[in-house]
$ cat coords09.cif   # mmCIF, C-alpha atoms and all ligand atoms
data_input
#
loop_
_atom_site.label_atom_id
_atom_site.label_comp_id
_atom_site.auth_asym_id
_atom_site.auth_seq_id
_atom_site.Cartn_x
_atom_site.Cartn_y
_atom_site.Cartn_z
CA MET A 552 4.86 26.21 -4.62
CA THR A 553 5.59 25.29 -0.99
CA GLU A 554 6.36 21.70 -0.24
CA GLU A 555 3.92 19.82 2.04
CA PHE A 556 5.57 16.98 3.95
CA ASN A 557 2.67 16.06 6.24
CA TYR A 558 0.99 13.09 4.57
CA LEU A 559 -2.54 13.79 5.83
CA ARG A 560 -2.45 17.43 4.74
CA ARG A 561 -1.03 16.34 1.37
CA ILE A 562 -3.74 13.80 0.68
CA LEU A 563 -6.42 16.37 1.65
CA LEU A 564 -4.84 18.92 -0.72
CA ASP A 565 -4.77 16.37 -3.56
CA PHE A 566 -8.36 15.47 -2.77
CA ASP A 567 -9.54 19.12 -2.82
CA HIS A 568 -7.70 19.65 -6.08
CA GLY A 569 -9.38 16.57 -7.61
CA VAL A 570 -12.81 17.84 -6.50
CA GLU A 571 -12.08 21.24 -8.04
CA LEU A 572 -11.12 19.69 -11.39
CA LEU A 573 -14.18 17.46 -11.29
CA GLY A 574 -16.42 20.47 -10.57
CA GLU A 575 -14.94 22.46 -13.45
CA LYS A 576 -15.97 19.81 -15.95
CA THR A 577 -19.30 18.73 -14.46
CA GLU A 578 -21.31 20.65 -11.84
CA PRO A 579 -19.60 21.97 -8.69
CA VAL A 580 -19.55 19.34 -5.95
CA ASP A 581 -21.71 20.00 -2.85
CA PRO A 582 -19.24 21.29 -0.18
CA GLY A 583 -21.04 19.16 2.43
CA LEU A 584 -20.24 16.02 0.46
CA VAL A 585 -16.61 17.08 0.14
CA GLU A 586 -16.40 17.62 3.91
CA LEU A 587 -18.03 14.24 4.52
CA LEU A 588 -15.48 12.49 2.33
CA LYS A 589 -12.61 14.23 4.08
CA SER A 590 -13.76 13.42 7.62
CA PRO A 591 -12.80 10.08 9.17
CA SER A 592 -15.92 8.32 10.37
CA LYS A 593 -14.47 6.66 13.50
CA ARG A 594 -11.07 6.91 15.19
CA LEU A 595 -9.98 4.77 18.12
CA SER A 596 -6.81 5.42 20.08
CA VAL A 597 -5.76 2.82 22.65
CA GLN A 598 -2.99 2.37 25.20
CA PHE A 599 -2.31 -1.04 26.62
CA PRO A 600 0.33 -2.93 28.62
CA VAL A 601 2.40 -5.86 27.33
CA LYS A 602 4.60 -8.09 29.46
CA MET A 603 8.07 -8.10 27.94
CA ASP A 604 10.37 -11.15 28.04
CA ASN A 605 12.52 -9.61 30.81
CA GLY A 606 9.48 -9.35 33.11
CA THR A 607 8.94 -5.58 32.73
CA LEU A 608 5.66 -3.99 31.59
CA GLU A 609 5.71 -1.79 28.54
CA ILE A 610 2.85 0.51 27.50
CA PHE A 611 2.06 0.60 23.77
CA ARG A 612 -0.11 3.04 21.85
CA GLY A 613 -2.21 1.87 18.92
CA TYR A 614 -4.92 3.12 16.58
CA ARG A 615 -7.70 1.96 14.30
CA VAL A 616 -9.34 4.43 11.96
CA GLN A 617 -12.38 3.76 9.78
CA HIS A 618 -12.29 6.51 7.23
CA SER A 619 -15.41 6.05 5.20
CA LYS A 620 -18.29 3.63 5.39
CA LEU A 621 -19.38 4.12 1.78
CA TYR A 622 -19.28 0.35 1.77
CA GLU A 623 -18.88 -2.09 4.63
CA PRO A 624 -16.78 -3.76 5.72
CA THR A 625 -14.11 -1.09 5.80
CA LYS A 626 -10.73 -2.45 4.80
CA GLY A 627 -7.09 -1.67 5.48
CA GLY A 628 -3.83 -2.91 6.90
CA ILE A 629 -2.17 -2.75 10.30
CA ARG A 630 1.23 -1.09 10.51
CA TYR A 631 3.85 -1.78 13.20
CA SER A 632 6.40 1.02 13.10
CA PRO A 633 7.98 3.69 15.31
CA ASP A 634 6.69 6.29 12.77
CA VAL A 635 3.00 5.53 13.34
CA ASP A 636 0.76 8.28 14.71
CA LEU A 637 -2.92 9.18 14.45
CA SER A 638 -2.35 11.60 11.57
CA VAL A 639 -0.48 9.03 9.42
CA ILE A 640 -3.05 6.31 10.15
CA THR A 641 -5.89 8.69 9.27
CA ALA A 642 -4.18 9.58 5.98
CA LEU A 643 -3.61 5.90 5.18
CA ALA A 644 -7.26 5.12 5.98
CA MET A 645 -8.42 7.84 3.58
CA ASP A 646 -5.99 6.43 1.06
CA MET A 647 -7.76 3.06 1.37
CA THR A 648 -11.14 4.72 0.64
CA LEU A 649 -9.69 6.23 -2.54
CA LYS A 650 -7.88 3.04 -3.57
CA CYS A 651 -11.01 0.91 -3.22
CA ARG A 652 -12.89 3.34 -5.46
CA VAL A 653 -10.16 3.42 -8.14
CA VAL A 654 -10.06 -0.37 -8.40
CA ASP A 655 -13.80 -0.63 -7.72
CA LEU A 656 -14.05 -2.95 -4.70
CA PRO A 657 -17.09 -2.90 -2.39
CA PHE A 658 -15.06 -1.85 0.67
CA GLY A 659 -14.76 1.37 2.66
CA GLY A 660 -11.33 2.55 3.84
CA ALA A 661 -9.62 1.87 7.17
CA LYS A 662 -6.15 1.54 8.69
CA GLY A 663 -4.58 0.62 12.00
CA GLY A 664 -1.20 0.66 13.64
CA VAL A 665 0.87 0.32 16.78
CA ILE A 666 3.86 2.50 17.66
CA CYS A 667 6.61 -0.09 18.11
CA ASN A 668 9.77 -1.42 16.54
CA PRO A 669 8.98 -5.02 15.59
CA ARG A 670 12.64 -5.66 14.71
CA GLU A 671 13.60 -5.11 18.32
CA MET A 672 10.87 -7.34 19.76
CA SER A 673 10.95 -11.12 20.26
CA PRO A 674 8.32 -13.34 18.55
CA ASP A 675 6.63 -13.89 21.95
CA GLU A 676 6.47 -10.16 22.70
CA LEU A 677 5.04 -9.49 19.23
CA GLU A 678 2.43 -12.20 19.73
CA ARG A 679 1.32 -10.81 23.13
CA MET A 680 1.19 -7.28 21.70
CA THR A 681 -0.83 -8.41 18.68
CA ARG A 682 -3.33 -10.30 20.84
CA ARG A 683 -3.84 -7.38 23.20
CA TYR A 684 -4.11 -4.86 20.33
CA THR A 685 -6.73 -7.09 18.65
CA PHE A 686 -8.67 -7.18 21.91
CA GLU A 687 -8.42 -3.38 22.26
CA ILE A 688 -9.85 -2.76 18.76
CA SER A 689 -12.39 -5.62 18.95
CA SER A 690 -15.33 -3.20 19.08
CA MET A 691 -14.46 -2.13 15.53
CA ILE A 692 -13.34 -5.23 13.63
CA GLY A 693 -15.53 -8.01 12.25
CA PRO A 694 -16.14 -9.84 8.93
CA ASP A 695 -18.89 -7.35 7.97
CA SER A 696 -17.71 -4.22 9.79
CA ASP A 697 -13.94 -3.76 9.44
CA VAL A 698 -11.35 -6.22 8.11
CA PRO A 699 -7.62 -5.66 8.84
CA ALA A 700 -4.72 -6.91 6.68
CA PRO A 701 -0.90 -6.75 6.63
CA ASP A 702 1.04 -3.54 6.12
CA ILE A 703 4.59 -2.40 6.97
CA GLY A 704 5.91 -4.46 9.90
CA THR A 705 3.14 -7.09 9.84
CA GLY A 706 2.52 -10.22 7.75
CA PRO A 707 0.72 -13.59 7.66
CA LYS A 708 1.91 -14.55 11.17
CA GLU A 709 0.30 -11.50 12.81
CA MET A 710 -2.86 -11.97 10.71
CA GLY A 711 -3.12 -15.58 11.96
CA ILE A 712 -2.85 -14.29 15.56
CA ILE A 713 -5.54 -11.65 14.93
CA PHE A 714 -7.86 -14.34 13.55
CA ASP A 715 -7.19 -16.64 16.52
CA THR A 716 -7.78 -13.88 19.08
CA TYR A 717 -11.01 -12.80 17.39
CA LYS A 718 -12.18 -16.42 17.26
CA MET A 719 -11.61 -16.86 21.03
CA PHE A 720 -14.20 -14.15 21.69
CA ASN A 721 -16.53 -15.11 18.82
CA GLN A 722 -16.65 -18.89 19.05
CA LYS A 723 -19.90 -19.17 17.12
CA ALA A 724 -19.13 -16.72 14.29
CA PRO A 725 -19.70 -18.83 11.14
CA ASP A 726 -17.40 -16.68 9.00
CA ALA A 727 -14.66 -15.83 11.53
CA TYR A 728 -11.90 -16.42 8.95
CA ALA A 729 -13.22 -13.37 7.08
CA VAL A 730 -12.31 -11.05 9.98
CA VAL A 731 -8.81 -10.50 8.59
CA THR A 732 -7.01 -11.06 5.26
CA GLY A 733 -3.39 -11.86 4.43
CA LYS A 734 -3.55 -14.93 6.69
CA PRO A 735 -1.43 -18.07 6.31
CA LEU A 736 -2.87 -20.57 3.79
CA SER A 737 -3.69 -23.00 6.60
CA LEU A 738 -6.07 -20.41 8.12
CA GLY A 739 -8.07 -19.51 5.03
CA GLY A 740 -5.36 -17.38 3.46
CA CYS A 741 -5.45 -16.70 -0.27
CA ARG A 742 -2.99 -18.03 -2.81
CA ALA A 743 -0.91 -15.22 -4.39
CA ARG A 744 -1.80 -12.75 -1.57
CA LEU A 745 1.80 -12.32 -0.36
CA GLU A 746 3.08 -11.05 -3.71
CA ALA A 747 -0.24 -9.40 -4.73
CA THR A 748 0.77 -5.72 -4.36
CA ALA A 749 3.90 -6.35 -6.43
CA GLN A 750 2.07 -8.47 -9.03
CA GLY A 751 -0.71 -5.89 -9.35
CA GLY A 752 1.90 -3.18 -9.93
CA ALA A 753 3.59 -5.32 -12.58
CA TYR A 754 0.27 -5.82 -14.42
CA VAL A 755 -0.35 -2.05 -14.50
CA LEU A 756 3.20 -1.35 -15.66
CA GLU A 757 2.85 -3.95 -18.40
CA GLU A 758 -0.39 -2.32 -19.57
CA ALA A 759 1.17 1.17 -19.52
CA VAL A 760 4.03 -0.07 -21.73
CA LYS A 761 1.56 -1.86 -24.03
CA GLN A 762 -0.50 1.33 -24.41
CA GLY A 763 2.61 3.33 -25.32
CA CYS A 764 2.39 5.59 -22.24
CA ALA A 765 5.80 4.70 -20.77
CA ARG A 766 7.83 7.49 -22.41
CA GLY A 767 9.30 5.47 -25.25
CA LEU A 768 9.73 2.26 -23.27
CA THR A 769 8.35 -0.35 -25.67
CA SER A 770 9.20 -3.50 -23.75
CA LEU A 771 9.99 -4.53 -20.21
CA LYS A 772 12.66 -6.94 -21.43
CA ASP A 773 16.05 -5.55 -20.27
CA ALA A 774 14.40 -2.41 -18.89
CA THR A 775 16.48 -1.10 -15.99
CA VAL A 776 14.73 -0.89 -12.62
CA ILE A 777 15.59 0.70 -9.28
CA VAL A 778 13.53 -0.46 -6.31
CA GLN A 779 13.47 1.57 -3.10
CA GLY A 780 12.48 -0.63 -0.16
CA PHE A 781 13.16 -4.35 0.16
CA GLY A 782 10.35 -5.57 2.39
CA ASN A 783 7.53 -7.75 1.11
CA VAL A 784 6.46 -5.37 -1.69
CA GLY A 785 9.97 -4.32 -2.75
CA PHE A 786 11.38 -7.84 -2.88
CA HIS A 787 8.44 -9.34 -4.79
CA THR A 788 8.39 -6.45 -7.26
CA ALA A 789 12.10 -6.86 -8.00
CA ASN A 790 11.68 -10.61 -8.24
CA ILE A 791 8.59 -10.60 -10.51
CA LEU A 792 9.99 -7.91 -12.83
CA HIS A 793 13.30 -9.82 -13.04
CA LYS A 794 11.97 -13.36 -13.42
CA ASP A 795 8.70 -12.88 -15.34
CA TYR A 796 9.44 -9.80 -17.42
CA GLY A 797 13.23 -9.95 -17.94
CA CYS A 798 13.91 -6.55 -16.34
CA LYS A 799 17.37 -5.73 -15.07
CA ILE A 800 17.24 -4.78 -11.38
CA ILE A 801 20.14 -2.32 -11.11
CA GLY A 802 19.33 -0.83 -7.71
CA ILE A 803 17.88 -2.12 -4.44
CA SER A 804 17.67 -0.21 -1.17
CA ASP A 805 16.35 -0.49 2.36
CA SER A 806 16.26 1.90 5.32
CA LYS A 807 20.07 1.69 5.72
CA GLY A 808 21.01 2.70 2.14
CA GLY A 809 21.14 1.29 -1.38
CA ILE A 810 23.18 -1.01 -3.61
CA TYR A 811 23.63 -0.19 -7.26
CA ASN A 812 25.20 -2.11 -10.13
CA PRO A 813 24.43 -1.46 -13.83
CA LYS A 814 25.05 -5.17 -14.50
CA GLY A 815 21.98 -6.02 -12.41
CA PHE A 816 21.22 -8.09 -9.30
CA SER A 817 19.44 -11.34 -8.65
CA PRO A 818 16.73 -10.25 -6.16
CA SER A 819 16.58 -13.69 -4.54
CA ASP A 820 20.37 -13.69 -3.93
CA VAL A 821 20.13 -10.23 -2.35
CA LEU A 822 17.25 -11.45 -0.14
CA LYS A 823 19.32 -14.48 0.91
CA TYR A 824 22.17 -12.13 1.88
CA LYS A 825 19.84 -9.76 3.76
CA THR A 826 18.12 -12.47 5.80
CA ASP A 827 21.22 -14.61 6.46
CA GLU A 828 21.63 -15.09 10.21
CA LYS A 829 25.26 -13.92 9.97
CA ASN A 830 24.05 -10.57 8.57
CA GLU A 831 23.43 -8.76 11.86
CA LYS A 832 22.26 -5.55 10.21
CA LYS A 833 19.58 -7.44 8.24
CA SER A 834 20.24 -5.00 5.41
CA VAL A 835 21.11 -5.23 1.71
CA ILE A 836 24.06 -2.95 2.45
CA GLY A 837 27.35 -4.74 1.97
CA TYR A 838 25.97 -7.21 -0.60
CA GLU A 839 28.52 -5.74 -2.96
CA ALA A 840 30.41 -3.46 -0.59
CA ARG A 841 31.91 -1.28 -3.33
CA ASN A 842 28.47 -0.62 -4.83
CA THR A 843 26.85 0.85 -1.72
CA LEU A 844 25.21 4.27 -2.05
CA ALA A 845 23.50 6.81 0.23
CA ILE A 846 19.76 6.95 -0.42
CA ASP A 847 19.62 10.33 -2.25
CA GLU A 848 22.39 9.35 -4.66
CA PHE A 849 20.72 5.96 -5.15
CA LEU A 850 17.35 7.47 -6.10
CA THR A 851 18.91 9.72 -8.72
CA LYS A 852 20.79 7.05 -10.69
CA GLU A 853 19.62 6.71 -14.27
CA CYS A 854 17.05 3.96 -14.92
CA ASP A 855 13.91 3.20 -16.98
CA ILE A 856 11.62 2.47 -14.04
CA LEU A 857 11.87 3.75 -10.47
CA VAL A 858 9.75 1.92 -7.91
CA PRO A 859 9.29 3.54 -4.50
CA ALA A 860 8.15 0.58 -2.40
CA ALA A 861 8.93 1.74 1.14
CA LYS A 862 6.79 4.38 2.81
CA GLU A 863 5.34 7.88 2.44
CA THR A 864 7.30 11.09 1.69
CA GLN A 865 10.44 9.66 0.10
CA ILE A 866 10.61 11.45 -3.26
CA VAL A 867 10.79 15.09 -2.23
CA GLY A 868 11.38 18.31 -4.17
CA SER A 869 15.12 18.44 -3.50
CA ILE A 870 15.65 14.99 -5.10
CA ALA A 871 13.06 15.25 -7.89
CA ASP A 872 15.18 17.58 -10.01
CA ASP A 873 17.96 14.98 -10.24
CA ILE A 874 15.79 11.93 -10.83
CA LYS A 875 16.57 10.30 -14.20
CA THR A 876 13.86 7.79 -14.99
CA LYS A 877 11.14 7.35 -17.60
CA VAL A 878 8.49 5.87 -15.31
CA ILE A 879 7.71 5.96 -11.59
CA LEU A 880 5.58 3.10 -10.30
CA GLU A 881 4.37 4.11 -6.82
CA LEU A 882 4.00 0.90 -4.86
CA ALA A 883 4.33 2.64 -1.49
CA ASN A 884 1.46 4.79 -0.21
CA GLY A 885 2.15 8.50 -0.68
CA PRO A 886 5.88 8.32 -1.56
CA THR A 887 5.98 11.56 -3.60
CA THR A 888 5.38 15.11 -2.33
CA ASN A 889 3.27 17.55 -4.37
CA LEU A 890 6.32 19.68 -5.22
CA ALA A 891 8.22 16.60 -6.45
CA ASP A 892 5.11 15.63 -8.44
CA LYS A 893 5.13 18.96 -10.23
CA ILE A 894 8.87 18.80 -10.99
CA LEU A 895 8.60 15.23 -12.29
CA PHE A 896 5.61 16.11 -14.47
CA GLU A 897 7.56 19.00 -16.01
CA LYS A 898 10.45 16.59 -16.66
CA ASP A 899 7.98 14.35 -18.51
CA VAL A 900 8.37 11.40 -16.14
CA TYR A 901 5.36 9.06 -16.44
CA LEU A 902 3.85 8.56 -13.00
CA ILE A 903 1.66 5.57 -12.15
CA PRO A 904 0.06 6.92 -8.98
CA ASP A 905 -0.14 5.01 -5.71
CA ILE A 906 -3.92 4.91 -5.41
CA LEU A 907 -3.94 2.79 -8.55
CA ALA A 908 -0.46 1.20 -8.65
CA ASN A 909 -0.51 -0.46 -5.22
CA THR A 910 -4.11 -1.69 -5.09
CA GLY A 911 -3.08 -5.28 -5.89
CA GLY A 912 -2.87 -6.09 -2.17
CA VAL A 913 -6.38 -5.01 -1.29
CA THR A 914 -7.73 -6.54 -4.51
CA VAL A 915 -6.45 -9.99 -3.54
CA SER A 916 -7.63 -9.31 0.03
CA TYR A 917 -11.09 -8.98 -1.52
CA CYS A 918 -10.59 -12.41 -3.14
CA GLU A 919 -9.57 -13.83 0.26
CA TRP A 920 -12.57 -12.30 2.02
CA LEU A 921 -14.95 -13.72 -0.62
CA GLN A 922 -13.39 -17.19 -0.30
CA ASN A 923 -13.70 -17.07 3.50
CA LYS A 924 -17.35 -16.09 3.17
CA GLU A 925 -17.93 -19.01 0.79
CA GLY A 926 -15.70 -21.47 2.67
CA THR A 927 -13.52 -22.21 -0.38
CA GLN A 928 -9.91 -21.74 -1.49
CA TRP A 929 -9.20 -20.80 -5.10
CA GLU A 930 -6.21 -21.81 -7.26
CA THR A 931 -3.45 -19.26 -7.95
CA ASP A 932 -4.48 -18.81 -11.61
CA ILE A 933 -8.01 -17.80 -10.67
CA VAL A 934 -6.73 -15.19 -8.22
CA ASN A 935 -4.15 -13.76 -10.63
CA ASN A 936 -6.67 -13.59 -13.49
CA ILE A 937 -9.01 -11.54 -11.31
CA LEU A 938 -6.09 -9.37 -10.21
CA ARG A 939 -4.95 -8.72 -13.79
CA GLU A 940 -8.48 -7.92 -14.92
CA LYS A 941 -9.11 -5.50 -12.02
CA MET A 942 -5.76 -3.72 -12.39
CA THR A 943 -5.88 -3.30 -16.17
CA THR A 944 -9.51 -2.13 -16.10
CA ALA A 945 -8.64 0.47 -13.45
CA TYR A 946 -5.63 1.57 -15.52
CA ARG A 947 -7.77 1.98 -18.66
CA ASP A 948 -10.31 3.98 -16.62
CA LEU A 949 -7.45 6.20 -15.46
CA VAL A 950 -6.12 6.74 -18.99
CA PHE A 951 -9.64 7.65 -20.12
CA THR A 952 -10.07 10.12 -17.23
CA VAL A 953 -6.66 11.71 -17.86
CA LYS A 954 -7.58 12.24 -21.53
CA SER A 955 -11.11 13.53 -20.91
CA TYR A 956 -10.05 16.03 -18.25
CA ASP A 957 -6.62 16.79 -19.75
CA VAL A 958 -4.89 16.33 -16.38
CA THR A 959 -1.89 14.54 -14.86
CA THR A 960 -2.13 10.89 -13.86
CA ARG A 961 -2.22 11.88 -10.15
CA GLU A 962 -5.06 14.31 -10.80
CA GLY A 963 -6.84 11.73 -12.95
CA ALA A 964 -6.66 9.10 -10.20
CA TYR A 965 -8.13 11.53 -7.65
CA ILE A 966 -10.90 12.56 -10.07
CA LEU A 967 -11.73 8.90 -10.68
CA ALA A 968 -11.80 8.04 -6.97
CA THR A 969 -13.71 11.16 -5.95
CA SER A 970 -16.38 10.97 -8.63
CA ARG A 971 -17.05 7.32 -7.81
CA ALA A 972 -17.20 7.99 -4.05
CA ILE A 973 -19.63 10.87 -4.57
CA GLN A 974 -21.81 8.66 -6.74
CA VAL A 975 -22.03 6.05 -3.96
CA ILE A 976 -23.12 8.69 -1.44
CA LYS A 977 -25.70 10.08 -3.87
CA ASP A 978 -27.09 6.61 -4.55
CA ARG A 979 -27.31 5.77 -0.85
CA GLY A 980 -28.60 9.15 0.34
CA ILE A 981 -28.00 10.54 3.82
CA PHE A 982 -29.56 9.01 6.95
CA PRO A 983 -32.09 9.98 8.37
N1 LIG B 1 -1.89 -2.66 3.59
C1 LIG B 1 -2.22 -2.91 2.24
C2 LIG B 1 -2.49 -1.62 1.50
O1 LIG B 1 -2.07 -0.55 1.92
C3 LIG B 1 -3.32 -3.96 2.10
C4 LIG B 1 -4.67 -3.54 2.60
C5 LIG B 1 -5.71 -4.69 2.58
O2 LIG B 1 -5.44 -5.71 1.97
O3 LIG B 1 -6.75 -4.49 3.18
O4 LIG B 1 -3.07 -1.61 0.44
#
$ encode --input "coords09.cif" --output "structure tokens" --more "lines below"
Ligand code: GLU
Amino acid sequence: MTEEFNYLRRILLDFDHGVELLGEKTEPVDPGLVELLKSPSKRLSVQFPVKMDNGTLEIFRGYRVQHSKLYEPTKGGIRYSPDVDLSVITALAMDMTLKCRVVDLPFGGAKGGVICNPREMSPDELERMTRRYTFEISSMIGPDSDVPAPDIGTGPKEMGIIFDTYKMFNQKAPDAYAVVTGKPLSLGGCRARLEATAQGGAYVLEEAVKQGCARGLTSLKDATVIVQGFGNVGFHTANILHKDYGCKIIGISDSKGGIYNPKGFSPSDVLKYKTDEKNEKKSVIGYEARNTLAIDEFLTKECDILVPAAKETQIVGSIADDIKTKVILELANGPTTNLADKILFEKDVYLIPDILANTGGVTVSYCEWLQNKEGTQWETDIVNNILREKMTTAYRDLVFTVKSYDVTTREGAYILATSRAIQVIKDRGIFP
């Protein structure tokens, strides 16, 4: 098997494979429908100037892709990163279509991004860039057409700016708050949204352990966990698993490397260290200097649960052989290559695939969008009860699909997403 590193090609391969498995069991899927589901519906590429603090003009490139309009609005985050390009954003938009079908939300899939390094930009530069980008994609976004959200490099602050910019041009829109989710609470944000991806992942993991799927892991108490990535998702996952489930967080990494200690870390202490103004690198590295590891060595340390929570294409074939974990909980989008998938399956690692595991964020975004439409703000318990219900139902649907088709969890998730998407198209029919 050759290893595919390109994320878009990988997701299309997984999709085709899911369709094939689906067709073997039921009737073959109409090739036209397959092509429709693989083709992004609308892709916008923009270039725009931003005045930098030193008076110079810099030209930025950004994108917004609406993958499928099975349901509207389409939904998906906005990524600020030097790694962004049209191919990655298209893959991530397709990913959102699949995720919304797995967790059964009435949204289509979308994604956006700007090629930039937010860590090297001042708050004022980021604000000007966000306002101009919002303006550039304004023909696409709207409470009933396409609703952005946070992703890598963006958060509540940027979502507040997107709302404000949209509102300037749509003064009379009665439901303007619903144009974007992941906003600050003061602007119609939703309680529990910030930690939602992590919390959703924890609910699925808990259910997998309860159902006896987690390769002999019978309890999360004292289970050892390695978390790759220490942004919003990575930190909250480590924190929730540590505080609410009694897990031992023995490894934490970021883009600069990892720290590892079998005695375990306090995630909030590590975060304090990372964000301290004296820590110029803004990294977890050096928290316990003697326990610093390069990323490949870090990922292959023995643990019960490995959580990739950074970005795509991290667990590759060359590392997979040495990975020593019982469970992988994919909280990043597309972290594992198809070759690594195969190796891990043969090693009997239990994989909770991304298109289910990390849907907590968009699920609570759905809660936020509904509240904005209704003009209300729900209590944390209400949101988390909905989140738990949605995540555990989707997990049970996955377990059922895996059993009925006798496939891997990745294949099962694709079968589930694909069959549901095809059903929507069949029910709607094709215009004209
Ligand atoms: N960016 C997040 C994701 O990849 C959230 C998307 C949303 O809430 O719309 O799932």
$ residues_near_ligand --input "coords09.cif" --ligand "ligand LIG 1 (chain B)" --cutoff "10 Å" --atoms "only C-alpha atoms and all ligand atoms" --output "number ranges by chain"
A: 625-630, 643-644, 646-647, 650-651, 658-663, 697-703, 705-706, 731-733, 744, 747-748, 784, 882-884, 905-906, 908-920
$ write_last_selection --input "coords09.cif" --atoms "C-alpha atoms" --output "short mmCIF file (atom, residue, chain, number, x, y, z; two decimals), in the frame of the given file"
data_model
loop_
_atom_site.label_atom_id
_atom_site.label_comp_id
_atom_site.auth_asym_id
_atom_site.auth_seq_id
_atom_site.Cartn_x
_atom_site.Cartn_y
_atom_site.Cartn_z
CA THR A 625 -14.11 -1.09 5.80
CA LYS A 626 -10.73 -2.45 4.80
CA GLY A 627 -7.09 -1.67 5.48
CA GLY A 628 -3.83 -2.91 6.90
CA ILE A 629 -2.17 -2.75 10.30
CA ARG A 630 1.23 -1.09 10.51
CA LEU A 643 -3.61 5.90 5.18
CA ALA A 644 -7.26 5.12 5.98
CA ASP A 646 -5.99 6.43 1.06
CA MET A 647 -7.76 3.06 1.37
CA LYS A 650 -7.88 3.04 -3.57
CA CYS A 651 -11.01 0.91 -3.22
CA PHE A 658 -15.06 -1.85 0.67
CA GLY A 659 -14.76 1.37 2.66
CA GLY A 660 -11.33 2.55 3.84
CA ALA A 661 -9.62 1.87 7.17
CA LYS A 662 -6.15 1.54 8.69
CA GLY A 663 -4.58 0.62 12.00
CA ASP A 697 -13.94 -3.76 9.44
CA VAL A 698 -11.35 -6.22 8.11
CA PRO A 699 -7.62 -5.66 8.84
CA ALA A 700 -4.72 -6.91 6.68
CA PRO A 701 -0.90 -6.75 6.63
CA ASP A 702 1.04 -3.54 6.12
CA ILE A 703 4.59 -2.40 6.97
CA THR A 705 3.14 -7.09 9.84
CA GLY A 706 2.52 -10.22 7.75
CA VAL A 731 -8.81 -10.50 8.59
CA THR A 732 -7.01 -11.06 5.26
CA GLY A 733 -3.39 -11.86 4.43
CA ARG A 744 -1.80 -12.75 -1.57
CA ALA A 747 -0.24 -9.40 -4.73
CA THR A 748 0.77 -5.72 -4.36
CA VAL A 784 6.46 -5.37 -1.69
CA LEU A 882 4.00 0.90 -4.86
CA ALA A 883 4.33 2.64 -1.49
CA ASN A 884 1.46 4.79 -0.21
CA ASP A 905 -0.14 5.01 -5.71
CA ILE A 906 -3.92 4.91 -5.41
CA ALA A 908 -0.46 1.20 -8.65
CA ASN A 909 -0.51 -0.46 -5.22
CA THR A 910 -4.11 -1.69 -5.09
CA GLY A 911 -3.08 -5.28 -5.89
CA GLY A 912 -2.87 -6.09 -2.17
CA VAL A 913 -6.38 -5.01 -1.29
CA THR A 914 -7.73 -6.54 -4.51
CA VAL A 915 -6.45 -9.99 -3.54
CA SER A 916 -7.63 -9.31 0.03
CA TYR A 917 -11.09 -8.98 -1.52
CA CYS A 918 -10.59 -12.41 -3.14
CA GLU A 919 -9.57 -13.83 0.26
CA TRP A 920 -12.57 -12.30 2.02
#
$ atom_distance --input "coords09.cif" --atom1 "atom CA of Gly606 of chain A" --atom2 "atom CA of Glu678 of chain A"
15.4 Å
$ residues_near_point --input "coords09.cif" --point "(7.3, 12.2, -22.6)" --cutoff "9 Å" --atoms "all atoms listed in the file" --output "PyMOL selection string"
chain A and resi 764-767+877+898-901
$ residues_near_point --input "coords09.cif" --point "(-7.1, -8.0, 23.2)" --cutoff "10 Å" --atoms "only C-alpha atoms" --output "number ranges by chain"
A: 599, 679-689, 713, 716-717, 720
$ closest_residue --input "coords09.cif" --among "A:Gly664, A:Gly782, A:Pro818, A:Gly837" --to "Cys798 of chain A" --atoms "only C-alpha atoms"
A:Pro818
$ residues_around --input "coords09.cif" --residues "Ser596 of chain A" --least-positions-apart "4" --cutoff "12 Å" --atoms "only C-alpha atoms" --output "list in words"
Phe611, Arg612, Gly613, Tyr614, Arg615, Val616, Gln617, Val635, Asp636, Leu637, Ser638, Ile640, Thr641, Gly663, Gly664, Val665, Ile666, Tyr684, Glu687, Ile688 and Met691 of chain A
$ atom_distance --input "coords09.cif" --atom1 "atom CA of Tyr965 of chain A" --atom2 "atom CA of Thr775 of chain A"
28.9 Å
$ closest_residue --input "coords09.cif" --among "A:Glu930, A:Asp675, A:Asp604, A:Asp872" --to "Asp892 of chain A" --atoms "all atoms listed in the file"
A:Asp872
$ residues_around --input "coords09.cif" --residues "Gly808 of chain A" --least-positions-apart "5" --cutoff "12 Å" --atoms "only C-alpha atoms" --output "PyMOL selection string"
chain A and resi 778-781+802-803+832-838+840+842-850
$ closest_residue --input "coords09.cif" --among "A:Leu621, A:Ile879, A:Ile810, A:Ala642" --to "Leu656 of chain A" --atoms "all atoms listed in the file"
A:Leu621
$ residues_around --input "coords09.cif" --residues "segment 946-950 of chain A" --least-positions-apart "5" --cutoff "9 Å" --atoms "only C-alpha atoms" --output "PyMOL selection string"
chain A and resi 653-654+755+758-759+903+907-908+941+955+960+963-964+967
$ write_last_selection --input "coords09.cif" --atoms "C-alpha atoms" --output "tab-separated table (two decimals), in the coordinates of the input"
chain	number	residue	atom	x	y	z
A	653	VAL	CA	-10.16	3.42	-8.14
A	654	VAL	CA	-10.06	-0.37	-8.40
A	755	VAL	CA	-0.35	-2.05	-14.50
A	758	GLU	CA	-0.39	-2.32	-19.57
A	759	ALA	CA	1.17	1.17	-19.52
A	903	ILE	CA	1.66	5.57	-12.15
A	907	LEU	CA	-3.94	2.79	-8.55
A	908	ALA	CA	-0.46	1.20	-8.65
A	941	LYS	CA	-9.11	-5.50	-12.02
A	955	SER	CA	-11.11	13.53	-20.91
A	960	THR	CA	-2.13	10.89	-13.86
A	963	GLY	CA	-6.84	11.73	-12.95
A	964	ALA	CA	-6.66	9.10	-10.20
A	967	LEU	CA	-11.73	8.90	-10.68
